[in-house]
file data_20.txt (compact mmCIF, C-alpha atoms and all ligand atoms)
# COMPACT_ATOMS: atom_id res chain seq x y z
CA MET A 1 -41.97 -13.91 11.19
CA ALA A 2 -38.96 -16.02 10.15
CA SER A 3 -39.79 -19.71 10.38
CA GLU A 4 -36.62 -21.43 9.15
CA ASN A 5 -33.47 -22.03 11.15
CA ILE A 6 -31.09 -19.09 11.15
CA ILE A 7 -27.40 -19.90 10.77
CA LEU A 8 -24.98 -17.17 11.86
CA THR A 9 -21.55 -17.07 10.27
CA GLY A 10 -18.85 -14.44 10.46
CA PHE A 11 -15.30 -13.75 11.53
CA MET A 12 -14.20 -14.24 15.14
CA GLY A 13 -15.59 -11.29 17.11
CA SER A 14 -18.34 -10.51 14.61
CA GLY A 15 -20.96 -11.00 17.35
CA LYS A 16 -22.44 -14.37 16.38
CA SER A 17 -22.95 -15.55 19.98
CA ARG A 18 -24.46 -12.26 21.17
CA ILE A 19 -26.79 -11.95 18.19
CA GLY A 20 -27.67 -15.65 18.42
CA GLN A 21 -28.76 -15.10 22.02
CA GLU A 22 -30.85 -12.11 21.00
CA LEU A 23 -32.55 -14.03 18.16
CA SER A 24 -33.20 -16.94 20.50
CA GLU A 25 -34.99 -14.65 22.95
CA LYS A 26 -37.00 -12.91 20.24
CA LEU A 27 -38.10 -16.14 18.54
CA GLY A 28 -38.34 -18.35 21.63
CA VAL A 29 -36.18 -21.06 20.06
CA PRO A 30 -32.89 -22.40 21.47
CA VAL A 31 -29.51 -21.23 20.27
CA LEU A 32 -26.78 -23.78 19.55
CA ASP A 33 -23.11 -22.91 19.22
CA THR A 34 -20.80 -25.22 17.26
CA ASP A 35 -17.72 -24.35 19.35
CA GLN A 36 -19.61 -25.03 22.55
CA LEU A 37 -20.97 -28.37 21.25
CA ILE A 38 -17.45 -29.44 20.23
CA VAL A 39 -15.93 -28.38 23.57
CA GLU A 40 -18.62 -30.36 25.43
CA LYS A 41 -18.14 -33.44 23.25
CA GLU A 42 -14.34 -33.44 23.51
CA GLY A 43 -14.18 -32.32 27.15
CA MET A 44 -11.43 -29.87 26.20
CA SER A 45 -11.16 -26.16 25.40
CA ILE A 46 -10.72 -25.02 21.80
CA ASN A 47 -7.14 -24.04 22.67
CA ASP A 48 -6.44 -27.55 23.98
CA ILE A 49 -8.06 -29.26 20.97
CA PHE A 50 -5.85 -27.22 18.61
CA ALA A 51 -2.71 -27.77 20.73
CA ARG A 52 -3.18 -31.50 21.41
CA ARG A 53 -5.03 -32.75 18.32
CA GLY A 54 -4.34 -30.06 15.72
CA GLN A 55 -6.52 -27.84 13.57
CA PRO A 56 -7.45 -30.50 10.93
CA TYR A 57 -8.90 -32.66 13.73
CA PHE A 58 -10.99 -29.69 14.89
CA ARG A 59 -12.16 -29.05 11.32
CA ASP A 60 -13.21 -32.72 10.99
CA LEU A 61 -15.26 -32.34 14.18
CA GLU A 62 -16.94 -29.26 12.71
CA THR A 63 -17.93 -31.10 9.51
CA GLN A 64 -19.21 -34.11 11.47
CA LEU A 65 -21.24 -31.78 13.67
CA LEU A 66 -22.94 -30.21 10.63
CA ARG A 67 -23.82 -33.68 9.36
CA ASP A 68 -25.28 -34.59 12.76
CA LEU A 69 -27.27 -31.34 12.91
CA ALA A 70 -28.77 -32.12 9.48
CA GLU A 71 -30.50 -35.12 11.13
CA ARG A 72 -32.23 -32.94 13.72
CA LYS A 73 -35.83 -31.99 13.13
CA ASP A 74 -36.23 -29.37 15.86
CA ARG A 75 -35.90 -25.65 15.35
CA TYR A 76 -32.86 -23.69 16.50
CA ILE A 77 -30.60 -20.72 15.88
CA LEU A 78 -27.06 -21.84 15.09
CA SER A 79 -23.95 -19.81 15.76
CA VAL A 80 -20.96 -21.36 13.93
CA GLY A 81 -17.22 -21.03 14.54
CA GLY A 82 -15.52 -18.41 12.36
CA GLY A 83 -13.66 -21.02 10.31
CA MET A 84 -16.67 -23.23 9.52
CA PRO A 85 -17.35 -21.89 5.98
CA LEU A 86 -13.72 -22.45 4.93
CA ARG A 87 -14.13 -26.12 4.02
CA GLU A 88 -15.90 -26.46 0.72
CA GLU A 89 -18.07 -29.37 1.83
CA ASN A 90 -19.30 -27.38 4.84
CA ARG A 91 -20.87 -24.64 2.74
CA PRO A 92 -23.73 -26.72 1.23
CA LEU A 93 -24.15 -28.42 4.60
CA LEU A 94 -24.66 -25.02 6.26
CA LYS A 95 -27.21 -24.03 3.61
CA LYS A 96 -29.07 -27.28 4.20
CA LEU A 97 -29.51 -26.36 7.85
CA GLY A 98 -31.20 -23.00 7.28
CA ARG A 99 -30.79 -19.42 6.11
CA VAL A 100 -27.11 -18.56 6.30
CA ILE A 101 -26.40 -15.02 7.48
CA TYR A 102 -22.93 -13.49 7.28
CA LEU A 103 -22.40 -11.00 10.09
CA SER A 104 -20.06 -8.37 8.79
CA SER A 105 -17.93 -6.12 11.05
CA SER A 106 -15.19 -3.64 10.19
CA LEU A 107 -11.51 -4.27 10.93
CA ASP A 108 -11.61 -1.55 13.62
CA THR A 109 -14.57 -3.17 15.36
CA LEU A 110 -13.09 -6.67 15.17
CA GLU A 111 -9.78 -5.45 16.57
CA LYS A 112 -11.53 -3.71 19.49
CA ARG A 113 -13.60 -6.80 20.29
CA LEU A 114 -10.66 -9.22 20.04
CA ILE A 115 -7.85 -7.21 21.62
CA LYS A 116 -7.90 -9.05 24.97
CA ASP A 117 -8.84 -12.47 23.61
CA LYS A 118 -6.82 -15.50 24.67
CA SER A 119 -9.26 -18.22 23.64
CA ARG A 120 -8.80 -18.20 19.86
CA PRO A 121 -5.71 -20.03 18.57
CA ASN A 122 -6.02 -18.62 15.04
CA LEU A 123 -5.48 -15.08 16.27
CA ARG A 124 -1.94 -15.96 17.31
CA GLY A 125 0.80 -15.76 14.75
CA GLU A 126 3.05 -13.39 12.86
CA GLY A 127 2.54 -9.63 13.12
CA SER A 128 0.11 -7.47 15.05
CA LEU A 129 -3.44 -8.52 15.87
CA ARG A 130 -4.74 -6.03 13.29
CA GLU A 131 -2.49 -7.46 10.56
CA ARG A 132 -3.53 -10.98 11.47
CA ILE A 133 -7.26 -10.17 11.35
CA SER A 134 -6.83 -8.29 8.09
CA ALA A 135 -4.89 -11.11 6.39
CA LEU A 136 -7.34 -13.80 7.56
CA LEU A 137 -10.35 -11.71 6.53
CA GLU A 138 -8.98 -11.17 3.06
CA GLU A 139 -8.18 -14.86 2.66
CA ARG A 140 -11.56 -15.99 3.99
CA MET A 141 -13.92 -13.46 2.41
CA PRO A 142 -14.62 -15.47 -0.80
CA MET A 143 -15.61 -18.49 1.31
CA TYR A 144 -17.79 -16.43 3.64
CA MET A 145 -19.53 -14.90 0.63
CA ASP A 146 -19.99 -18.29 -1.04
CA ALA A 147 -21.66 -19.69 2.08
CA ALA A 148 -23.90 -16.71 2.85
CA GLU A 149 -27.39 -16.02 1.61
CA LEU A 150 -27.75 -12.69 3.42
CA ILE A 151 -25.22 -10.18 4.71
CA ILE A 152 -26.00 -8.10 7.77
CA GLU A 153 -23.68 -5.46 9.17
CA ASN A 154 -22.90 -5.61 12.89
CA ASP A 155 -20.74 -2.62 13.74
CA GLN A 156 -22.25 0.23 15.73
CA LYS A 157 -25.75 -1.11 16.31
CA SER A 158 -27.32 -2.76 19.35
CA ALA A 159 -27.79 -6.54 19.30
CA SER A 160 -31.56 -6.06 19.35
CA ILE A 161 -31.49 -3.90 16.21
CA VAL A 162 -29.19 -6.32 14.38
CA ALA A 163 -31.46 -9.24 15.35
CA ASP A 164 -34.51 -7.31 14.07
CA GLU A 165 -32.72 -6.64 10.78
CA ILE A 166 -31.96 -10.35 10.43
CA LEU A 167 -35.57 -11.31 11.13
CA ALA A 168 -36.84 -8.79 8.57
CA ALA A 169 -34.34 -9.99 5.94
CA VAL A 170 -35.18 -13.66 6.55
CA SER A 171 -38.94 -13.00 6.42
CA GLN A 172 -38.44 -11.16 3.14
CA ALA A 173 -36.33 -14.01 1.74
CA GLU A 174 -38.99 -16.52 2.80
CA ALA A 175 -41.68 -14.47 1.08
CA ASP A 176 -39.73 -14.17 -2.21
C1 LIG B 201 -12.01 -20.08 14.58
C2 LIG B 201 -13.06 -19.42 15.21
C3 LIG B 201 -13.51 -19.78 16.56
C4 LIG B 201 -13.24 -21.25 16.85
C5 LIG B 201 -11.79 -21.59 16.59
C6 LIG B 201 -11.37 -21.30 15.15
C7 LIG B 201 -11.55 -19.57 13.27
O1 LIG B 201 -14.91 -19.51 16.68
O2 LIG B 201 -14.06 -22.08 16.06
O3 LIG B 201 -11.00 -20.82 17.50
O4 LIG B 201 -10.66 -20.20 12.65
O5 LIG B 201 -12.05 -18.52 12.82
P1 LIG B 201 -15.51 -18.02 16.91
O6 LIG B 201 -15.72 -17.42 15.56
O7 LIG B 201 -16.81 -18.29 17.60
O8 LIG B 201 -14.56 -17.27 17.74
call {"tool": "encode", "arguments": {"input": "data_20.txt", "output": "structure tokens"}}
result
Amino acid sequence: MASENIILTGFMGSGKSRIGQELSEKLGVPVLDTDQLIVEKEGMSINDIFARRGQPYFRDLETQLLRDLAERKDRYILSVGGGMPLREENRPLLKKLGRVIYLSSSLDTLEKRLIKDKSRPNLRGEGSLRERISALLEERMPMYMDAAELIIENDQKSASIVADEILAAVSQAEAD
């Protein structure tokens, strides 16, 4: 059974929170969510942090949070905001925290999951939602790949099956 922390990365809507919850139940360890920790600390929604303080401020909070998490000795599953791997300095910090999994979902799946979303400022902008997701995915993919140790697909499968695949892949990586 996987014994290291599992760090879930992936685009908005890739299922990090849902799969994090599933892993937490299967392993009996708590799940932490970087967006949630930042919202609690700032006492403001992500939309408000972006609107009032700006995206660079939010990104600084993300980096500081990774540094703080590196001091923790307890075990957890970590679900990270979709933009976390973009900053170069965050990528080694993520790896220091545990096994970094990239949850991969197709453009069709992401669009379906995000169509009604109002909580993610980076989905607003020029063009259709599909164009926006596609452009951001293309831009971000090299950074996601650089941060990730393992890639797990999360498209048509149940959360329980995806979580089992992650646990098997992490156990294998630990044994290698
Ligand atoms: C962001 C993803 C969000 C949140 C913020 C920025 C991004 O997290 O951190 O809206 O730039 O991809 P989720 O991936 O949990 O939606």
call {"tool": "closest_atom_pairs", "arguments": {"input": "data_20.txt", "of": "chain A", "to": "ligand LIG 201 (chain B)", "cutoff": "10 Å", "atoms": "all atoms listed in the file", "output": "CSV"}}
result
residue,atom,partner,partner_atom,distance
A:Leu8,CA,B:LIG201,O6,10.0
A:Thr9,CA,B:LIG201,O6,7.9
A:Gly10,CA,B:LIG201,O6,6.7
A:Phe11,CA,B:LIG201,O6,5.5
A:Met12,CA,B:LIG201,O6,3.5
A:Gly13,CA,B:LIG201,O8,6.1
A:Ser14,CA,B:LIG201,O6,7.5
A:Gly15,CA,B:LIG201,O7,8.4
A:Lys16,CA,B:LIG201,O7,7.0
A:Ser17,CA,B:LIG201,O7,7.1
A:Asp33,CA,B:LIG201,O7,8.0
A:Thr34,CA,B:LIG201,O2,7.5
A:Asp35,CA,B:LIG201,O2,5.4
A:Gln36,CA,B:LIG201,O7,8.8
A:Ile38,CA,B:LIG201,O2,9.1
A:Val39,CA,B:LIG201,O2,10.0
A:Ser45,CA,B:LIG201,O3,9.5
A:Ile46,CA,B:LIG201,O3,6.0
A:Asn47,CA,B:LIG201,O3,7.2
A:Ile49,CA,B:LIG201,O3,9.6
A:Phe50,CA,B:LIG201,O3,8.3
A:Gln55,CA,B:LIG201,C6,8.3
A:Phe58,CA,B:LIG201,O2,8.3
A:Arg59,CA,B:LIG201,O2,8.6
A:Glu62,CA,B:LIG201,O2,8.4
A:Ser79,CA,B:LIG201,O7,7.5
A:Val80,CA,B:LIG201,O7,6.3
A:Gly81,CA,B:LIG201,O1,3.5
A:Gly82,CA,B:LIG201,O6,3.4
A:Gly83,CA,B:LIG201,O5,3.9
A:Met84,CA,B:LIG201,O2,7.1
A:Pro85,CA,B:LIG201,O5,9.3
A:Leu86,CA,B:LIG201,O4,8.6
A:Leu114,CA,B:LIG201,O8,9.2
A:Asp117,CA,B:LIG201,O8,9.5
A:Lys118,CA,B:LIG201,O3,9.9
A:Ser119,CA,B:LIG201,O3,6.9
A:Arg120,CA,B:LIG201,O3,4.2
A:Pro121,CA,B:LIG201,O3,5.5
A:Asn122,CA,B:LIG201,O4,5.5
A:Leu123,CA,B:LIG201,O3,8.1
A:Ile133,CA,B:LIG201,O5,9.7
A:Leu136,CA,B:LIG201,O5,8.5
A:Leu137,CA,B:LIG201,O5,9.4
A:Arg140,CA,B:LIG201,O5,9.2
call {"tool": "atom_distance", "arguments": {"input": "data_20.txt", "atom1": "CA of Lys96 in chain A", "atom2": "CA of Glu165 in chain A"}}
result
22.0 Å
call {"tool": "atom_distance", "arguments": {"input": "data_20.txt", "atom1": "CA of Ile77 in chain A", "atom2": "CA of Lys41 in chain A"}}
result
19.3 Å
call {"tool": "atom_distance", "arguments": {"input": "data_20.txt", "atom1": "CA of Pro30 in chain A", "atom2": "CA of Leu167 in chain A"}}
result
15.4 Å
call {"tool": "closest_residue", "arguments": {"input": "data_20.txt", "among": "A:Ile161, A:Leu97, A:Asp48, A:Arg53", "to": "Leu65 in chain A", "atoms": "all atoms listed in the file"}}
result
A:Leu97
call {"tool": "residues_around", "arguments": {"input": "data_20.txt", "residues": "Val100 in chain A", "least_positions_apart": "6", "cutoff": "12 Å", "atoms": "only C-alpha atoms", "output": "JSON, numbers by chain"}}
result
{"A": [4, 5, 6, 7, 8, 9, 10, 16, 77, 78, 79, 80, 84, 85, 90, 91, 92, 93, 94, 144, 145, 146, 147, 148, 149, 150, 151, 152, 166, 169, 170, 173]}
call {"tool": "build_atoms", "arguments": {"input": "data_20.txt", "residues": "range 34-65 of chain A", "atoms": "N, CA and C atoms", "output": "PDB file, keeping the file's coordinate frame"}}
result
ATOM      1  N   THR A  34     -21.617 -24.057  17.671  1.00  0.00           N
ATOM      2  CA  THR A  34     -20.800 -25.220  17.260  1.00  0.00           C
ATOM      3  C   THR A  34     -19.550 -25.371  18.138  1.00  0.00           C
ATOM      4  N   ASP A  35     -18.918 -24.252  18.487  1.00  0.00           N
ATOM      5  CA  ASP A  35     -17.720 -24.350  19.350  1.00  0.00           C
ATOM      6  C   ASP A  35     -18.074 -24.993  20.685  1.00  0.00           C
ATOM      7  N   GLN A  36     -19.185 -24.520  21.244  1.00  0.00           N
ATOM      8  CA  GLN A  36     -19.610 -25.030  22.550  1.00  0.00           C
ATOM      9  C   GLN A  36     -19.935 -26.531  22.468  1.00  0.00           C
ATOM     10  N   LEU A  37     -20.619 -26.951  21.400  1.00  0.00           N
ATOM     11  CA  LEU A  37     -20.970 -28.370  21.250  1.00  0.00           C
ATOM     12  C   LEU A  37     -19.699 -29.219  21.126  1.00  0.00           C
ATOM     13  N   ILE A  38     -18.705 -28.700  20.407  1.00  0.00           N
ATOM     14  CA  ILE A  38     -17.450 -29.440  20.230  1.00  0.00           C
ATOM     15  C   ILE A  38     -16.673 -29.516  21.547  1.00  0.00           C
ATOM     16  N   VAL A  39     -16.630 -28.405  22.271  1.00  0.00           N
ATOM     17  CA  VAL A  39     -15.930 -28.380  23.570  1.00  0.00           C
ATOM     18  C   VAL A  39     -16.569 -29.390  24.529  1.00  0.00           C
ATOM     19  N   GLU A  40     -17.906 -29.422  24.546  1.00  0.00           N
ATOM     20  CA  GLU A  40     -18.620 -30.360  25.430  1.00  0.00           C
ATOM     21  C   GLU A  40     -18.319 -31.809  25.026  1.00  0.00           C
ATOM     22  N   LYS A  41     -18.348 -32.074  23.728  1.00  0.00           N
ATOM     23  CA  LYS A  41     -18.140 -33.440  23.250  1.00  0.00           C
ATOM     24  C   LYS A  41     -16.713 -33.924  23.555  1.00  0.00           C
ATOM     25  N   GLU A  42     -15.739 -33.048  23.339  1.00  0.00           N
ATOM     26  CA  GLU A  42     -14.340 -33.440  23.510  1.00  0.00           C
ATOM     27  C   GLU A  42     -13.862 -33.304  24.964  1.00  0.00           C
ATOM     28  N   GLY A  43     -14.601 -32.556  25.773  1.00  0.00           N
ATOM     29  CA  GLY A  43     -14.180 -32.320  27.150  1.00  0.00           C
ATOM     30  C   GLY A  43     -12.883 -31.537  27.227  1.00  0.00           C
ATOM     31  N   MET A  44     -12.671 -30.656  26.277  1.00  0.00           N
ATOM     32  CA  MET A  44     -11.430 -29.870  26.200  1.00  0.00           C
ATOM     33  C   MET A  44     -11.752 -28.502  25.618  1.00  0.00           C
ATOM     34  N   SER A  45     -10.964 -27.499  25.991  1.00  0.00           N
ATOM     35  CA  SER A  45     -11.160 -26.160  25.400  1.00  0.00           C
ATOM     36  C   SER A  45     -10.721 -26.163  23.939  1.00  0.00           C
ATOM     37  N   ILE A  46     -11.141 -25.141  23.201  1.00  0.00           N
ATOM     38  CA  ILE A  46     -10.720 -25.020  21.800  1.00  0.00           C
ATOM     39  C   ILE A  46      -9.184 -24.928  21.739  1.00  0.00           C
ATOM     40  N   ASN A  47      -8.604 -24.143  22.636  1.00  0.00           N
ATOM     41  CA  ASN A  47      -7.140 -24.040  22.670  1.00  0.00           C
ATOM     42  C   ASN A  47      -6.494 -25.410  22.830  1.00  0.00           C
ATOM     43  N   ASP A  48      -7.027 -26.212  23.739  1.00  0.00           N
ATOM     44  CA  ASP A  48      -6.440 -27.550  23.980  1.00  0.00           C
ATOM     45  C   ASP A  48      -6.663 -28.478  22.789  1.00  0.00           C
ATOM     46  N   ILE A  49      -7.827 -28.393  22.152  1.00  0.00           N
ATOM     47  CA  ILE A  49      -8.060 -29.260  20.970  1.00  0.00           C
ATOM     48  C   ILE A  49      -7.037 -28.912  19.893  1.00  0.00           C
ATOM     49  N   PHE A  50      -6.829 -27.629  19.634  1.00  0.00           N
ATOM     50  CA  PHE A  50      -5.850 -27.220  18.610  1.00  0.00           C
ATOM     51  C   PHE A  50      -4.450 -27.672  19.015  1.00  0.00           C
ATOM     52  N   ALA A  51      -4.086 -27.467  20.292  1.00  0.00           N
ATOM     53  CA  ALA A  51      -2.710 -27.770  20.730  1.00  0.00           C
ATOM     54  C   ALA A  51      -2.455 -29.274  20.761  1.00  0.00           C
ATOM     55  N   ARG A  52      -3.432 -30.055  21.229  1.00  0.00           N
ATOM     56  CA  ARG A  52      -3.180 -31.500  21.410  1.00  0.00           C
ATOM     57  C   ARG A  52      -3.523 -32.326  20.189  1.00  0.00           C
ATOM     58  N   ARG A  53      -4.580 -31.919  19.461  1.00  0.00           N
ATOM     59  CA  ARG A  53      -5.030 -32.750  18.320  1.00  0.00           C
ATOM     60  C   ARG A  53      -4.754 -32.095  16.970  1.00  0.00           C
ATOM     61  N   GLY A  54      -4.624 -30.774  16.976  1.00  0.00           N
ATOM     62  CA  GLY A  54      -4.340 -30.060  15.720  1.00  0.00           C
ATOM     63  C   GLY A  54      -5.589 -29.512  15.059  1.00  0.00           C
ATOM     64  N   GLN A  55      -5.371 -28.504  14.214  1.00  0.00           N
ATOM     65  CA  GLN A  55      -6.520 -27.840  13.570  1.00  0.00           C
ATOM     66  C   GLN A  55      -7.313 -28.765  12.637  1.00  0.00           C
ATOM     67  N   PRO A  56      -6.652 -29.631  11.820  1.00  0.00           N
ATOM     68  CA  PRO A  56      -7.450 -30.500  10.930  1.00  0.00           C
ATOM     69  C   PRO A  56      -8.429 -31.385  11.707  1.00  0.00           C
ATOM     70  N   TYR A  57      -8.006 -31.846  12.881  1.00  0.00           N
ATOM     71  CA  TYR A  57      -8.900 -32.660  13.730  1.00  0.00           C
ATOM     72  C   TYR A  57     -10.129 -31.830  14.123  1.00  0.00           C
ATOM     73  N   PHE A  58      -9.883 -30.575  14.526  1.00  0.00           N
ATOM     74  CA  PHE A  58     -10.990 -29.690  14.890  1.00  0.00           C
ATOM     75  C   PHE A  58     -11.925 -29.476  13.699  1.00  0.00           C
ATOM     76  N   ARG A  59     -11.333 -29.273  12.518  1.00  0.00           N
ATOM     77  CA  ARG A  59     -12.160 -29.050  11.320  1.00  0.00           C
ATOM     78  C   ARG A  59     -12.994 -30.292  10.984  1.00  0.00           C
ATOM     79  N   ASP A  60     -12.433 -31.481  11.207  1.00  0.00           N
ATOM     80  CA  ASP A  60     -13.210 -32.720  10.990  1.00  0.00           C
ATOM     81  C   ASP A  60     -14.407 -32.765  11.953  1.00  0.00           C
ATOM     82  N   LEU A  61     -14.155 -32.355  13.203  1.00  0.00           N
ATOM     83  CA  LEU A  61     -15.260 -32.340  14.180  1.00  0.00           C
ATOM     84  C   LEU A  61     -16.353 -31.380  13.732  1.00  0.00           C
ATOM     85  N   GLU A  62     -15.944 -30.242  13.172  1.00  0.00           N
ATOM     86  CA  GLU A  62     -16.940 -29.260  12.710  1.00  0.00           C
ATOM     87  C   GLU A  62     -17.809 -29.870  11.601  1.00  0.00           C
ATOM     88  N   THR A  63     -17.171 -30.517  10.622  1.00  0.00           N
ATOM     89  CA  THR A  63     -17.930 -31.100   9.510  1.00  0.00           C
ATOM     90  C   THR A  63     -18.877 -32.185  10.016  1.00  0.00           C
ATOM     91  N   GLN A  64     -18.370 -33.043  10.921  1.00  0.00           N
ATOM     92  CA  GLN A  64     -19.210 -34.110  11.470  1.00  0.00           C
ATOM     93  C   GLN A  64     -20.411 -33.524  12.207  1.00  0.00           C
ATOM     94  N   LEU A  65     -20.160 -32.432  12.921  1.00  0.00           N
ATOM     95  CA  LEU A  65     -21.240 -31.780  13.670  1.00  0.00           C
ATOM     96  C   LEU A  65     -22.336 -31.266  12.720  1.00  0.00           C
TER      97      LEU A  65
END
